[in-house]
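Read the structure below first, then the notes.
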Number of protein chains: 4
Amino acid sequence: MSGELEHLAARLREFVRVRDWERFHTPKNLAMALAGEAGELVAEFQWLTAEESRNLDEDALRRVRAELGDVTLYLVRLADALGVDLAEAANAKLDDSERRYDPETYRGSARKAPPLTS
Amino acid sequence: MSGELEHLAARLREFVRVRDWERFHTPKNLAMALAGEAGELVAEFQWLTAEESRNLDEDALRRVRAELGDVTLYLVRLADALGVDLAEAANAKLDDSERRYDPETYRGSARKAPPLTS
Amino acid sequence: MSGELEHLAARLREFVRVRDWERFHTPKNLAMALAGEAGELVAEFQWLTAEESRNLDEDALRRVRAELGDVTLYLVRLADALGVDLAEAANAKLDDSERRYDPETYRGSARKAPPLTS
Amino acid sequence: MSGELEHLAARLREFVRVRDWERFHTPKNLAMALAGEAGELVAEFQWLTAEESRNLDEDALRRVRAELGDVTLYLVRLADALGVDLAEAANAKLDDSERRYDPETYRGSARKAPPLTS
């Protein structure tokens, strides 16, 4: 990691160190915390229509932004605990998806549209 | 966003554009995809002890790295669709946590240890 | 628990006992497994419109039914490990929701519509 | 469904009907709500050791019981919206697992221990 992700990872390392919380931050526990925050994020959208989700009001956007921040913190912390470079891992998965889903075959078809990644 | 996150966001924007998948990538749907990938990530750790989760074998680490990549892709894509700067959102939440959990009060106590963020 | 839920709980207890898997089935691990299965379930719906989700084709319904079965198994297993009666717990939460959301106030309004439970 | 699950499904159907919330309760939205509640459940366990998760204190057990109730409500509601019999679906998956993981081969081995279901 480098740049903004490494900056976050370093801040988190120090945050955890001065509170002596390393014992709680096992990869297992951090994966759980990430799943919990992803659950809070999905809950923000659960009763919205597709269109409403594209046009969040100010309050909803503020809450979603906070949840996105939480997910990012645990994701960066987990990757750091495992020595994984998040940007590299994401770029590698996107390379795969570009190979797998060629634009001609998969263009615009709801039936063909696969996950972005799988 | 800037740097590595903006680079990923731009790659994803183009990936989606050339496949004409914008219609699928509503914030609602992307939040679901993120929750799904977070579920795959947590499943990698479900039967491991705390200690095993700190010492993943090569195969497990490769799978976890791929899941971390997937989560990152959907997180970046969702933030981009909403115009949220992920690094800013994460730093803001970490600022909050630093204020809320002062090191003296919360040091090392399992009973007191709160979530990193809430 | 009684009836169909107790029947499932008893089958699972025996399933785990003859395989000597009790050590893996801590409440913590079972909660993770449940979250993982909930992630697989939500992933089945992630690219569908609201309308499509109401009209699953045969293949999608078969997959969703299997995921619903998985979620149920881990939910029953977790409740059993903790000595919680699921039907009682669910009825108690529904009692709360009936009190909290009186029909006149909350009828049909997207803006007012709260979660079913919270 | 019959018995206690059908009783819950019927209560929920009426709860939703008198509030005119059917429009919100698409299978897609209900799957999201279930994932959100599963996230709250996993969060209850995230900082606990395996041993602590087996010995919840009264407050934690009360919170977990409420989350188990919420997960059950959305699970029953989703299954009902899709016409799926949860007990049948769960028993069918457990039948599969009994065939797939014969006790001799899979007994007690951490390395071999598969998910209960997959």
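By convention in this document, the chains of the structure tokens carry letters A, B, ... by their order, each chain's residues are numbered from 1, and ligands are numbered from 1 in the order they are shown.
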At most 7 Å is the cut-off: for each residue in chain B with any atom that close to an atom of chain C, write down the nearest atom pair and the distance in Å rounded to one decimal, counting only C-alpha atoms, chain first then increasing number, as a tab-separated table.
residue	atom	partner	partner_atom	distance
B:Phe24	CA	C:Trp47	CA	6.0
B:Asn29	CA	C:Gln46	CA	5.3
B:Met32	CA	C:Gln46	CA	5.6
B:Ala33	CA	C:Gln46	CA	6.0
B:Ala35	CA	C:Gly39	CA	6.0
B:Gly36	CA	C:Gly39	CA	4.1
B:Gly39	CA	C:Gly36	CA	4.1
B:Glu40	CA	C:Gly36	CA	5.8
B:Val42	CA	C:Gly36	CA	6.2
B:Ala43	CA	C:Gly36	CA	5.2
B:Gln46	CA	C:Asn29	CA	5.3
B:Trp47	CA	C:Phe24	CA	5.9
Dump as an mmCIF file, in the first residue's frame, selection limited to N, CA and C atoms:
data_model
loop_
_atom_site.group_PDB
_atom_site.id
_atom_site.type_symbol
_atom_site.label_atom_id
_atom_site.label_comp_id
_atom_site.auth_asym_id
_atom_site.auth_seq_id
_atom_site.Cartn_x
_atom_site.Cartn_y
_atom_site.Cartn_z
ATOM 1 N N PHE B 24 -27.242 -1.201 -13.981
ATOM 2 C CA PHE B 24 -27.191 -2.146 -12.862
ATOM 3 C C PHE B 24 -26.523 -1.534 -11.631
ATOM 4 N N ASN B 29 -27.889 -1.350 -5.495
ATOM 5 C CA ASN B 29 -27.335 -2.622 -5.955
ATOM 6 C C ASN B 29 -25.867 -2.782 -5.563
ATOM 7 N N MET B 32 -25.550 -3.833 -2.034
ATOM 8 C CA MET B 32 -25.836 -5.266 -1.915
ATOM 9 C C MET B 32 -24.622 -6.104 -2.326
ATOM 10 N N ALA B 33 -23.993 -5.703 -3.423
ATOM 11 C CA ALA B 33 -22.829 -6.445 -3.907
ATOM 12 C C ALA B 33 -21.696 -6.394 -2.884
ATOM 13 N N ALA B 35 -22.088 -6.034 0.366
ATOM 14 C CA ALA B 35 -22.478 -6.906 1.486
ATOM 15 C C ALA B 35 -22.245 -8.378 1.136
ATOM 16 N N GLY B 36 -22.521 -8.725 -0.100
ATOM 17 C CA GLY B 36 -22.289 -10.098 -0.544
ATOM 18 C C GLY B 36 -20.811 -10.471 -0.479
ATOM 19 N N GLY B 39 -19.652 -10.912 2.979
ATOM 20 C CA GLY B 39 -20.065 -12.228 3.453
ATOM 21 C C GLY B 39 -19.097 -13.323 3.018
ATOM 22 N N GLU B 40 -18.615 -13.222 1.784
ATOM 23 C CA GLU B 40 -17.620 -14.218 1.333
ATOM 24 C C GLU B 40 -16.322 -14.093 2.127
ATOM 25 N N VAL B 42 -15.967 -12.938 5.289
ATOM 26 C CA VAL B 42 -16.126 -13.436 6.658
ATOM 27 C C VAL B 42 -16.193 -14.967 6.668
ATOM 28 N N ALA B 43 -16.735 -15.540 5.601
ATOM 29 C CA ALA B 43 -16.824 -16.999 5.515
ATOM 30 C C ALA B 43 -15.438 -17.652 5.470
ATOM 31 N N GLN B 46 -14.517 -18.281 9.134
ATOM 32 C CA GLN B 46 -15.529 -18.720 10.098
ATOM 33 C C GLN B 46 -15.116 -19.908 10.971
ATOM 34 N N TRP B 47 -14.333 -20.822 10.440
ATOM 35 C CA TRP B 47 -13.958 -21.978 11.264
ATOM 36 C C TRP B 47 -12.548 -21.880 11.827
#
Chain C post-superposition (all in-order Cα pairs with chain A) as a short mmCIF file (atom, residue, chain, number, x, y, z; two decimals) with N, CA and C atoms, in the first residue's frame:
data_model
loop_
_atom_site.label_atom_id
_atom_site.label_comp_id
_atom_site.auth_asym_id
_atom_site.auth_seq_id
_atom_site.Cartn_x
_atom_site.Cartn_y
_atom_site.Cartn_z
N MET C 1 0.85 -1.21 -0.08
CA MET C 1 0.03 -0.01 -0.07
C MET C 1 0.89 1.23 -0.04
N SER C 2 0.38 2.26 -0.62
CA SER C 2 1.10 3.52 -0.57
C SER C 2 0.08 4.62 -0.59
N GLY C 3 0.50 5.84 -0.44
CA GLY C 3 -0.42 6.95 -0.56
C GLY C 3 -1.49 6.95 0.50
N GLU C 4 -2.73 7.23 0.08
CA GLU C 4 -3.81 7.45 1.04
C GLU C 4 -4.18 6.21 1.84
N LEU C 5 -4.04 5.04 1.23
CA LEU C 5 -4.36 3.81 1.95
C LEU C 5 -3.29 3.51 3.00
N GLU C 6 -2.03 3.70 2.63
CA GLU C 6 -0.95 3.49 3.61
C GLU C 6 -1.07 4.51 4.75
N HIS C 7 -1.45 5.74 4.41
CA HIS C 7 -1.63 6.75 5.45
C HIS C 7 -2.70 6.31 6.46
N LEU C 8 -3.83 5.80 5.95
CA LEU C 8 -4.88 5.30 6.84
C LEU C 8 -4.39 4.10 7.66
N ALA C 9 -3.69 3.20 7.00
CA ALA C 9 -3.18 2.01 7.71
C ALA C 9 -2.25 2.41 8.85
N ALA C 10 -1.42 3.41 8.59
CA ALA C 10 -0.48 3.85 9.62
C ALA C 10 -1.21 4.53 10.77
N ARG C 11 -2.21 5.34 10.45
CA ARG C 11 -2.99 6.00 11.51
C ARG C 11 -3.67 4.93 12.38
N LEU C 12 -4.23 3.91 11.74
CA LEU C 12 -4.94 2.86 12.48
C LEU C 12 -3.98 2.05 13.35
N ARG C 13 -2.82 1.75 12.80
CA ARG C 13 -1.81 1.01 13.58
C ARG C 13 -1.50 1.75 14.88
N GLU C 14 -1.32 3.03 14.77
CA GLU C 14 -1.01 3.84 15.95
C GLU C 14 -2.22 3.93 16.88
N PHE C 15 -3.39 4.11 16.32
CA PHE C 15 -4.64 4.16 17.10
C PHE C 15 -4.77 2.91 17.97
N VAL C 16 -4.51 1.78 17.37
CA VAL C 16 -4.65 0.50 18.07
C VAL C 16 -3.52 0.32 19.09
N ARG C 17 -2.32 0.74 18.70
CA ARG C 17 -1.16 0.54 19.57
C ARG C 17 -1.30 1.29 20.89
N VAL C 18 -1.68 2.57 20.81
CA VAL C 18 -1.73 3.36 22.04
C VAL C 18 -2.88 2.93 22.95
N ARG C 19 -3.85 2.21 22.41
CA ARG C 19 -4.94 1.68 23.24
C ARG C 19 -4.72 0.22 23.64
N ASP C 20 -3.64 -0.36 23.15
CA ASP C 20 -3.32 -1.76 23.45
C ASP C 20 -4.48 -2.68 23.03
N TRP C 21 -4.97 -2.47 21.84
CA TRP C 21 -6.10 -3.26 21.33
C TRP C 21 -5.67 -4.32 20.32
N GLU C 22 -4.36 -4.52 20.16
CA GLU C 22 -3.93 -5.51 19.17
C GLU C 22 -4.59 -6.87 19.40
N ARG C 23 -4.77 -7.20 20.68
CA ARG C 23 -5.32 -8.54 20.97
C ARG C 23 -6.72 -8.72 20.39
N PHE C 24 -7.47 -7.63 20.25
CA PHE C 24 -8.82 -7.73 19.68
C PHE C 24 -8.78 -7.77 18.15
N HIS C 25 -7.74 -7.21 17.58
CA HIS C 25 -7.71 -7.04 16.13
C HIS C 25 -7.09 -8.23 15.41
N THR C 26 -7.59 -9.41 15.69
CA THR C 26 -7.22 -10.56 14.86
C THR C 26 -7.90 -10.41 13.51
N PRO C 27 -7.33 -11.00 12.46
CA PRO C 27 -8.00 -10.97 11.16
C PRO C 27 -9.45 -11.50 11.25
N LYS C 28 -9.64 -12.53 12.02
CA LYS C 28 -11.00 -13.07 12.18
C LYS C 28 -11.96 -12.00 12.70
N ASN C 29 -11.55 -11.33 13.78
CA ASN C 29 -12.43 -10.31 14.37
C ASN C 29 -12.63 -9.12 13.44
N LEU C 30 -11.58 -8.75 12.74
CA LEU C 30 -11.69 -7.60 11.82
C LEU C 30 -12.60 -7.92 10.64
N ALA C 31 -12.56 -9.17 10.18
CA ALA C 31 -13.48 -9.57 9.11
C ALA C 31 -14.93 -9.50 9.59
N MET C 32 -15.16 -9.87 10.86
CA MET C 32 -16.50 -9.76 11.43
C MET C 32 -16.94 -8.30 11.51
N ALA C 33 -16.03 -7.45 11.96
CA ALA C 33 -16.36 -6.04 12.09
C ALA C 33 -16.69 -5.43 10.73
N LEU C 34 -15.94 -5.83 9.73
CA LEU C 34 -16.21 -5.36 8.36
C LEU C 34 -17.59 -5.84 7.89
N ALA C 35 -17.91 -7.10 8.16
CA ALA C 35 -19.22 -7.61 7.77
C ALA C 35 -20.34 -6.86 8.50
N GLY C 36 -20.10 -6.56 9.76
CA GLY C 36 -21.10 -5.80 10.52
C GLY C 36 -21.34 -4.42 9.92
N GLU C 37 -20.26 -3.75 9.56
CA GLU C 37 -20.39 -2.41 8.96
C GLU C 37 -21.03 -2.49 7.57
N ALA C 38 -20.70 -3.52 6.81
CA ALA C 38 -21.34 -3.70 5.50
C ALA C 38 -22.84 -3.91 5.68
N GLY C 39 -23.22 -4.56 6.77
CA GLY C 39 -24.64 -4.74 7.08
C GLY C 39 -25.32 -3.41 7.38
N GLU C 40 -24.63 -2.54 8.12
CA GLU C 40 -25.21 -1.22 8.40
C GLU C 40 -25.36 -0.41 7.12
N LEU C 41 -24.38 -0.56 6.23
CA LEU C 41 -24.43 0.16 4.96
C LEU C 41 -25.61 -0.30 4.11
N VAL C 42 -25.77 -1.61 3.97
CA VAL C 42 -26.86 -2.13 3.14
C VAL C 42 -28.21 -1.75 3.74
N ALA C 43 -28.27 -1.67 5.06
CA ALA C 43 -29.53 -1.31 5.73
C ALA C 43 -29.97 0.12 5.37
N GLU C 44 -29.00 0.98 5.09
CA GLU C 44 -29.36 2.36 4.70
C GLU C 44 -30.15 2.39 3.39
N PHE C 45 -29.97 1.37 2.56
CA PHE C 45 -30.60 1.36 1.24
C PHE C 45 -31.81 0.43 1.15
N GLN C 46 -32.13 -0.28 2.23
CA GLN C 46 -33.06 -1.40 2.08
C GLN C 46 -34.47 -1.03 1.65
N TRP C 47 -34.97 0.11 2.05
CA TRP C 47 -36.35 0.47 1.66
C TRP C 47 -36.39 1.48 0.52
N LEU C 48 -35.25 1.84 -0.03
CA LEU C 48 -35.23 2.82 -1.11
C LEU C 48 -35.43 2.15 -2.47
N THR C 49 -36.09 2.86 -3.37
CA THR C 49 -36.12 2.39 -4.75
C THR C 49 -34.75 2.65 -5.38
N ALA C 50 -34.53 2.03 -6.55
CA ALA C 50 -33.30 2.25 -7.29
C ALA C 50 -33.07 3.76 -7.48
N GLU C 51 -34.14 4.43 -7.88
CA GLU C 51 -34.05 5.85 -8.16
C GLU C 51 -33.73 6.65 -6.89
N GLU C 52 -34.42 6.34 -5.82
CA GLU C 52 -34.13 7.04 -4.56
C GLU C 52 -32.69 6.83 -4.12
N SER C 53 -32.15 5.66 -4.39
CA SER C 53 -30.77 5.39 -3.97
C SER C 53 -29.77 6.23 -4.76
N ARG C 54 -30.19 6.68 -5.93
CA ARG C 54 -29.33 7.57 -6.73
C ARG C 54 -29.46 9.03 -6.31
N ASN C 55 -30.45 9.32 -5.49
CA ASN C 55 -30.72 10.71 -5.11
C ASN C 55 -30.94 10.81 -3.61
N LEU C 56 -29.94 10.45 -2.86
CA LEU C 56 -30.06 10.48 -1.41
C LEU C 56 -30.26 11.90 -0.92
N ASP C 57 -31.12 12.06 0.08
CA ASP C 57 -31.21 13.40 0.68
C ASP C 57 -30.00 13.61 1.59
N GLU C 58 -29.89 14.82 2.09
CA GLU C 58 -28.67 15.22 2.81
C GLU C 58 -28.40 14.32 4.03
N ASP C 59 -29.47 14.03 4.77
CA ASP C 59 -29.31 13.19 5.97
C ASP C 59 -28.86 11.78 5.62
N ALA C 60 -29.49 11.21 4.61
CA ALA C 60 -29.13 9.85 4.21
C ALA C 60 -27.69 9.82 3.71
N LEU C 61 -27.31 10.82 2.94
CA LEU C 61 -25.95 10.85 2.40
C LEU C 61 -24.91 10.98 3.52
N ARG C 62 -25.25 11.78 4.52
CA ARG C 62 -24.35 11.92 5.67
C ARG C 62 -24.17 10.57 6.39
N ARG C 63 -25.28 9.85 6.58
CA ARG C 63 -25.18 8.53 7.24
C ARG C 63 -24.41 7.54 6.38
N VAL C 64 -24.69 7.54 5.08
CA VAL C 64 -24.01 6.61 4.18
C VAL C 64 -22.51 6.91 4.12
N ARG C 65 -22.19 8.18 4.09
CA ARG C 65 -20.78 8.56 4.08
C ARG C 65 -20.06 8.04 5.33
N ALA C 66 -20.73 8.14 6.47
CA ALA C 66 -20.14 7.63 7.71
C ALA C 66 -19.96 6.11 7.64
N GLU C 67 -20.94 5.41 7.09
CA GLU C 67 -20.81 3.95 6.97
C GLU C 67 -19.70 3.58 5.99
N LEU C 68 -19.60 4.32 4.90
CA LEU C 68 -18.51 4.08 3.95
C LEU C 68 -17.16 4.28 4.64
N GLY C 69 -17.09 5.29 5.49
CA GLY C 69 -15.86 5.51 6.25
C GLY C 69 -15.54 4.34 7.16
N ASP C 70 -16.56 3.83 7.85
CA ASP C 70 -16.35 2.68 8.75
C ASP C 70 -15.88 1.44 7.97
N VAL C 71 -16.55 1.15 6.87
CA VAL C 71 -16.15 -0.01 6.07
C VAL C 71 -14.70 0.14 5.62
N THR C 72 -14.36 1.34 5.17
CA THR C 72 -12.98 1.58 4.72
C THR C 72 -11.98 1.34 5.83
N LEU C 73 -12.30 1.83 7.03
CA LEU C 73 -11.35 1.66 8.14
C LEU C 73 -11.09 0.19 8.45
N TYR C 74 -12.15 -0.59 8.54
CA TYR C 74 -11.93 -2.01 8.84
C TYR C 74 -11.27 -2.75 7.68
N LEU C 75 -11.60 -2.36 6.49
CA LEU C 75 -10.98 -3.00 5.32
C LEU C 75 -9.47 -2.73 5.30
N VAL C 76 -9.10 -1.48 5.52
CA VAL C 76 -7.68 -1.11 5.54
C VAL C 76 -6.96 -1.80 6.70
N ARG C 77 -7.64 -1.83 7.84
CA ARG C 77 -7.03 -2.45 9.03
C ARG C 77 -6.81 -3.95 8.81
N LEU C 78 -7.81 -4.61 8.24
CA LEU C 78 -7.71 -6.06 7.99
C LEU C 78 -6.60 -6.36 6.99
N ALA C 79 -6.58 -5.60 5.90
CA ALA C 79 -5.53 -5.81 4.89
C ALA C 79 -4.16 -5.60 5.52
N ASP C 80 -4.03 -4.58 6.35
CA ASP C 80 -2.75 -4.30 6.98
C ASP C 80 -2.34 -5.44 7.91
N ALA C 81 -3.31 -5.96 8.66
CA ALA C 81 -3.00 -7.07 9.58
C ALA C 81 -2.52 -8.30 8.82
N LEU C 82 -2.96 -8.44 7.58
CA LEU C 82 -2.58 -9.62 6.77
C LEU C 82 -1.43 -9.33 5.81
N GLY C 83 -0.97 -8.09 5.77
CA GLY C 83 0.10 -7.75 4.85
C GLY C 83 -0.33 -7.72 3.39
N VAL C 84 -1.61 -7.46 3.15
CA VAL C 84 -2.13 -7.39 1.78
C VAL C 84 -2.18 -5.95 1.32
N ASP C 85 -1.72 -5.71 0.10
CA ASP C 85 -1.82 -4.39 -0.51
C ASP C 85 -3.17 -4.30 -1.22
N LEU C 86 -4.07 -3.48 -0.64
CA LEU C 86 -5.45 -3.42 -1.14
C LEU C 86 -5.53 -2.96 -2.58
N ALA C 87 -4.78 -1.92 -2.93
CA ALA C 87 -4.86 -1.40 -4.30
C ALA C 87 -4.39 -2.45 -5.29
N GLU C 88 -3.32 -3.13 -4.95
CA GLU C 88 -2.85 -4.22 -5.82
C GLU C 88 -3.88 -5.32 -5.96
N ALA C 89 -4.47 -5.72 -4.83
CA ALA C 89 -5.46 -6.81 -4.85
C ALA C 89 -6.67 -6.41 -5.70
N ALA C 90 -7.09 -5.16 -5.57
CA ALA C 90 -8.26 -4.70 -6.33
C ALA C 90 -7.92 -4.59 -7.81
N ASN C 91 -6.77 -4.04 -8.12
CA ASN C 91 -6.39 -3.94 -9.54
C ASN C 91 -6.26 -5.33 -10.17
N ALA C 92 -5.75 -6.29 -9.41
CA ALA C 92 -5.61 -7.65 -9.95
C ALA C 92 -6.98 -8.26 -10.25
N LYS C 93 -7.95 -8.04 -9.35
CA LYS C 93 -9.29 -8.56 -9.61
C LYS C 93 -9.96 -7.86 -10.80
N LEU C 94 -9.69 -6.59 -10.94
CA LEU C 94 -10.27 -5.87 -12.08
C LEU C 94 -9.63 -6.32 -13.39
N ASP C 95 -8.33 -6.60 -13.35
CA ASP C 95 -7.68 -7.20 -14.53
C ASP C 95 -8.40 -8.49 -14.93
N ASP C 96 -8.68 -9.34 -13.96
CA ASP C 96 -9.40 -10.60 -14.22
C ASP C 96 -10.75 -10.33 -14.87
N SER C 97 -11.48 -9.39 -14.30
CA SER C 97 -12.83 -9.12 -14.80
C SER C 97 -12.79 -8.57 -16.22
N GLU C 98 -11.78 -7.77 -16.51
CA GLU C 98 -11.67 -7.24 -17.87
C GLU C 98 -11.43 -8.36 -18.88
N ARG C 99 -10.63 -9.35 -18.47
CA ARG C 99 -10.39 -10.49 -19.35
C ARG C 99 -11.66 -11.33 -19.49
N ARG C 100 -12.34 -11.56 -18.37
CA ARG C 100 -13.45 -12.52 -18.38
C ARG C 100 -14.69 -12.00 -19.08
N TYR C 101 -14.96 -10.72 -18.92
CA TYR C 101 -16.19 -10.16 -19.48
C TYR C 101 -15.86 -9.24 -20.64
N ASP C 102 -15.72 -9.82 -21.82
CA ASP C 102 -15.34 -8.93 -22.92
C ASP C 102 -16.56 -8.07 -23.29
N PRO C 103 -16.30 -6.81 -23.61
CA PRO C 103 -17.39 -5.83 -23.77
C PRO C 103 -18.42 -6.24 -24.81
N GLU C 104 -17.98 -6.84 -25.92
CA GLU C 104 -18.96 -7.21 -26.95
C GLU C 104 -20.00 -8.19 -26.42
N THR C 105 -19.52 -9.23 -25.79
CA THR C 105 -20.42 -10.31 -25.33
C THR C 105 -21.35 -9.85 -24.23
N TYR C 106 -20.83 -9.02 -23.34
CA TYR C 106 -21.59 -8.72 -22.14
C TYR C 106 -22.28 -7.36 -22.15
N ARG C 107 -22.23 -6.68 -23.31
CA ARG C 107 -22.76 -5.32 -23.31
C ARG C 107 -24.26 -5.26 -23.00
N GLY C 108 -24.55 -4.55 -21.92
CA GLY C 108 -25.90 -4.05 -21.66
C GLY C 108 -26.99 -5.08 -21.47
N SER C 109 -26.64 -6.33 -21.38
CA SER C 109 -27.70 -7.32 -21.28
C SER C 109 -27.93 -7.69 -19.83
N ALA C 110 -29.15 -7.46 -19.40
CA ALA C 110 -29.47 -7.80 -18.01
C ALA C 110 -29.26 -9.29 -17.79
N ARG C 111 -29.63 -10.08 -18.78
CA ARG C 111 -29.52 -11.53 -18.57
C ARG C 111 -28.07 -11.98 -18.49
N LYS C 112 -27.21 -11.33 -19.26
CA LYS C 112 -25.82 -11.76 -19.26
C LYS C 112 -25.01 -11.09 -18.16
N ALA C 113 -25.52 -9.95 -17.69
CA ALA C 113 -24.68 -9.16 -16.81
C ALA C 113 -24.29 -9.95 -15.58
N PRO C 114 -23.04 -10.20 -15.43
CA PRO C 114 -22.53 -10.96 -14.30
C PRO C 114 -22.21 -9.99 -13.17
N PRO C 115 -21.83 -10.53 -12.06
CA PRO C 115 -21.22 -9.64 -11.08
C PRO C 115 -20.01 -8.96 -11.73
N LEU C 116 -19.68 -7.83 -11.22
CA LEU C 116 -18.45 -7.15 -11.63
C LEU C 116 -17.27 -8.07 -11.40
N THR C 117 -17.36 -8.79 -10.31
CA THR C 117 -16.28 -9.67 -9.91
C THR C 117 -16.94 -10.91 -9.35
N SER C 118 -16.23 -11.98 -9.34
CA SER C 118 -16.84 -13.18 -8.75
C SER C 118 -15.76 -14.12 -8.24
#
Return as a PyMOL selection string the full set of residues in chain C whose backbone-based DSSP assignment is alpha helix (DSSP H). chain C and resi 3-19+27-45+50-54+58-82+86-100+103-106
